[in-house]
Structures are given as C-alpha cells and as structure tokens.
Amino acid sequence: MPTRPLLLFQRRFFLLLHALVVFFLIISQMCNATEEEEKQKKRIPTPVKDVKRPVDTSRLAPFDKDIREDCQSLLEYCQSDVFAHVYLQCPASCSKFLEEEGMVGTAHENPEALYDVGTLRTYRGNRIETDRFEGYVLVLAVIPLLPGMAVYYYEMMEHLHSVFTPHVEFVVMPMDHGHGIHIQLQEKGKVVVLEEESVVTAVEKHPWIQHLTSVKPRKGLGTTEFGNGDIILQRPLATDRVTIYIVSADGYFVERLVSPSLDLLQKKVRLYTKTIDYEL
C-alpha cells in the first residue's frame with residue numbers, strides 16, 4: 001500500500017502534468033489563430049494610398065483573365081473605393097460576380113432621340129454634335145468612377161474601337177461617386193468620353209440615359225413587370241457597376257448588358273455590325 005508521501009508526490013505530479021497539457025493546448029491555439037490572421041492579411045489587398053492618382057495600367061491583367069489565385073476570396077472588393085488593383089488583377093471574376101441579366105428592346109416612339117439631342121459636352125470640355133452618331137452602331141458605356149473598374153472598362157472600349165472601326169462609335173459616360181477617381185485618357189484615344197456626371201444627374205437628367213432607360217424591353221430578364229404584366233420596364237440603371245447600351249445604326253434596336261466580359265460584348269457588337277443599313 002502506497003505511503004502518504006508517495007500519494008502526495010503522485011497527486012502533485014498529475015496536477016503538474018495536467019497544467020503542462022493545458023499550457024501546450026493554449027499555445028497551440030494561439031499559434032493557429034496567428035496563422036489564420038496571417039492568412040487573412042494576405043487575402044486582404046493593400047489599399048491605394050492616393051486614389052486621386054491615375055491607376056497604373058501596367059498592372060492590368062489581360063481582358064477576361066485573372067492573374068491572382070485568390071480572386072474568389074476578393075470578390076467583395078470588386079466595387080471598393082479603395083482597393084483599385086482587385087478589378088485590375090481579377091477582371092474575369094469581378095465581371096462575372098457583378099454581371100446581371102440584360103434586355104433587348106425597341107425604340108418604337110422615337111428611334112432618332114439620341115441624335116436629336118443637339119450637343120453634348122466631352123471630358124476635355126469640347127462640345128460634339130449628337131447627329132454624328134446616326135448611321136453607326138453606337139456603344140455607350142456608363143462607367144462608375146470606381147478604382148480599377150473605371151480604367152478597366154475604358155481600356156476595353158479603346159480596344160474594341162480598334163477592332164470595329166469605322167462602323168461602330170464608342171462613347172463613355174463616367175459617373176462620379178465622389179471618390180476623386182478620374183479616367184486618364186489615352187493620348188491618342190479614339191473613344192468619345194463625355195464629361196463626368198454625378199450619379200443623380202446621370203440617372204435623372206441626362207438626355208441619353210433618359211431615352212435609353214425608357215426603351216420598352218422585348219426580351220431578357222433585366223426587366224420589371226407592373227400590374228398583371230401588361231407594363232414591362234427596364235430595371236433601374238445600376239450605378240455601382242458598368243452598364244453597356246448597344247444601339248443599332250438606325251437607333252431602333254437597343255440592347256443592355258451589365259458588367260459584360262470582353263468576349264460577350266465583342267460578340268454582341270459584331271452581330272449589330274452585320275445588320276447595318278448603309279443607305280441610312
């Protein structure tokens with residue numbers, strides 16, 4: 001039978017052993033937590049210190065391609081007003097994440113409304129006659145001035161202009177969100193960039209947007225039904241992602257795409273160029 005001193009020794013030994021086990025468990029949990037924090041830090045992109053500076057386009061991924069392996073974990077930053085490089089490095093994932101169903105409609109009442117506006121002011125302060133676009137397929141890109149997103153789609157429009165000239169006119173309408181972001185125009189850019197508009201002005205007052213958003217949809221899920229479905233209208237213009245309007249050369253057919261990929265947009269524009277009536 002164990003003596004009393006031996007029992008005391010065994011009891012203290014087991015208490016010490018238990019304390020050591022608890023200590024090592026705590027250390028292990030702390031290490032795991034630290035590792036997880038480090039992983040989280042790696043996933044969160046570094047913010048742009050001065051968002052007013054032009055974004056360095058040398059960081060652009062190829063159109064419709066991602067150059068990061070962790071793009072799926074960064075989708076919440078695609079519309080960020082700070083993390084400019086997420087859209088530039090994950091354009092395929094961001095475009096797919098923000099894409100919405102579009103619509104196709106016809107401008108029955110006044111297909112010439114776009115050309116009858118008169119003049120519009122450009123980004124450089126000049127005024128252009130809107131009737132210059134009559135007889136051409138028109139691609140209007142309504143681009144929110146968000147870091148990364150704005151420069152990516154502006155560069156896309158310049159690229160597509162080089163593909164479809166001289167039958168297609170590309171116009172960019174920048175929507176200012178008040179983040180100090182501006183499009184840096186290419187020195188020899190061919191795309192017409194209109195003056196910046198506030199979100200409210202662009203949605204509620206701009207004559208082109210007023211006309212295009214009033215076009216009655218004929219097909220596509222980007223619509224809203226009222227009553228018994230007798231009244232079908234477009235969904236409100238999205239101001240946190242890019243909306244593209246493609247207008248046929250006669251102004252009659254209008255298609256709306258939201259956050260499209262280059263491949264999709266190029267296919268759609270090519271389809272419209274095949275229907276141009278050069279006798280307009």
# chains A, B, ... in the order shown; residues from 1 in each chain; ligands from 1
$ select_by_dssp --residues "range 182-241 of chain A" --states "strand (DSSP E or B)" --output "PyMOL selection string"
chain A and resi 192-194+197-198+216-219+223-226+231-234
$ atom_distance --atom1 "CA of Leu185 in chain A" --atom2 "CA of Met156 in chain A"
12.5 Å
$ closest_residue --among "A:Glu187, A:Glu195, A:Asp64, A:Glu100" --to "Arg124 in chain A" --atoms "only C-alpha atoms"
A:Glu195
$ closest_residue --among "A:Ile183, A:Val104, A:Arg218, A:Pro62" --to "Leu145 in chain A" --atoms "only C-alpha atoms"
A:Ile183
$ decode --residues "range 201-220 of chain A" --atoms "N, CA, C and O atoms" --output "CSV table (one decimal), in the first residue's frame"
chain,number,residue,atom,x,y,z
A,201,THR,N,-27.5,63.1,-61.5
A,201,THR,CA,-27.6,63.8,-62.8
A,201,THR,C,-27.7,62.8,-63.9
A,201,THR,O,-28.5,62.9,-64.8
A,202,ALA,N,-26.8,61.8,-63.9
A,202,ALA,CA,-26.7,60.8,-64.9
A,202,ALA,C,-28.0,60.1,-65.0
A,202,ALA,O,-28.6,59.9,-66.1
A,203,VAL,N,-28.6,59.7,-63.9
A,203,VAL,CA,-29.8,58.8,-63.8
A,203,VAL,C,-31.0,59.6,-64.1
A,203,VAL,O,-31.9,59.1,-64.9
A,204,GLU,N,-31.1,60.8,-63.6
A,204,GLU,CA,-32.4,61.5,-63.6
A,204,GLU,C,-32.5,62.6,-64.7
A,204,GLU,O,-33.6,63.0,-65.1
A,205,LYS,N,-31.3,63.1,-65.2
A,205,LYS,CA,-31.4,64.2,-66.1
A,205,LYS,C,-30.7,64.1,-67.4
A,205,LYS,O,-31.1,64.8,-68.4
A,206,HIS,N,-29.8,63.2,-67.6
A,206,HIS,CA,-29.0,63.1,-68.8
A,206,HIS,C,-30.0,62.6,-70.0
A,206,HIS,O,-30.6,61.6,-69.8
A,207,PRO,N,-30.0,63.4,-71.1
A,207,PRO,CA,-31.0,63.0,-72.1
A,207,PRO,C,-30.8,61.7,-72.8
A,207,PRO,O,-31.8,61.0,-73.1
A,208,TRP,N,-29.5,61.2,-72.9
A,208,TRP,CA,-29.3,59.9,-73.5
A,208,TRP,C,-29.8,58.8,-72.5
A,208,TRP,O,-30.4,57.8,-72.9
A,209,ILE,N,-29.5,59.0,-71.2
A,209,ILE,CA,-29.9,57.9,-70.3
A,209,ILE,C,-31.4,57.9,-70.1
A,209,ILE,O,-32.0,56.9,-70.0
A,210,GLN,N,-32.0,59.1,-70.2
A,210,GLN,CA,-33.5,59.2,-70.1
A,210,GLN,C,-34.1,58.4,-71.3
A,210,GLN,O,-35.1,57.7,-71.1
A,211,HIS,N,-33.6,58.6,-72.4
A,211,HIS,CA,-34.1,57.9,-73.6
A,211,HIS,C,-33.9,56.4,-73.5
A,211,HIS,O,-34.8,55.6,-73.7
A,212,LEU,N,-32.6,56.0,-73.2
A,212,LEU,CA,-32.3,54.6,-73.3
A,212,LEU,C,-33.0,53.8,-72.2
A,212,LEU,O,-33.4,52.6,-72.4
A,213,THR,N,-33.1,54.3,-71.0
A,213,THR,CA,-33.8,53.6,-69.9
A,213,THR,C,-35.3,53.5,-70.2
A,213,THR,O,-36.0,52.7,-69.5
A,214,SER,N,-35.8,54.4,-71.1
A,214,SER,CA,-37.3,54.3,-71.3
A,214,SER,C,-37.6,53.3,-72.5
A,214,SER,O,-38.8,53.1,-72.7
A,215,VAL,N,-36.7,52.8,-73.1
A,215,VAL,CA,-36.9,51.8,-74.2
A,215,VAL,C,-37.6,50.6,-73.6
A,215,VAL,O,-37.2,50.0,-72.6
A,216,LYS,N,-38.7,50.2,-74.3
A,216,LYS,CA,-39.5,49.1,-73.8
A,216,LYS,C,-38.8,47.7,-74.1
A,216,LYS,O,-38.5,47.5,-75.3
A,217,PRO,N,-38.6,46.9,-73.1
A,217,PRO,CA,-37.9,45.6,-73.3
A,217,PRO,C,-38.8,44.7,-74.1
A,217,PRO,O,-40.1,44.7,-73.9
A,218,ARG,N,-38.2,43.9,-75.0
A,218,ARG,CA,-38.9,42.8,-75.7
A,218,ARG,C,-38.5,41.4,-75.2
A,218,ARG,O,-39.3,40.5,-75.3
A,219,LYS,N,-37.3,41.3,-74.7
A,219,LYS,CA,-36.9,40.0,-74.2
A,219,LYS,C,-35.7,40.3,-73.2
A,219,LYS,O,-35.1,41.4,-73.2
A,220,GLY,N,-35.5,39.3,-72.4
A,220,GLY,CA,-34.4,39.4,-71.4
A,220,GLY,C,-35.0,39.5,-70.0
A,220,GLY,O,-36.1,40.0,-69.8
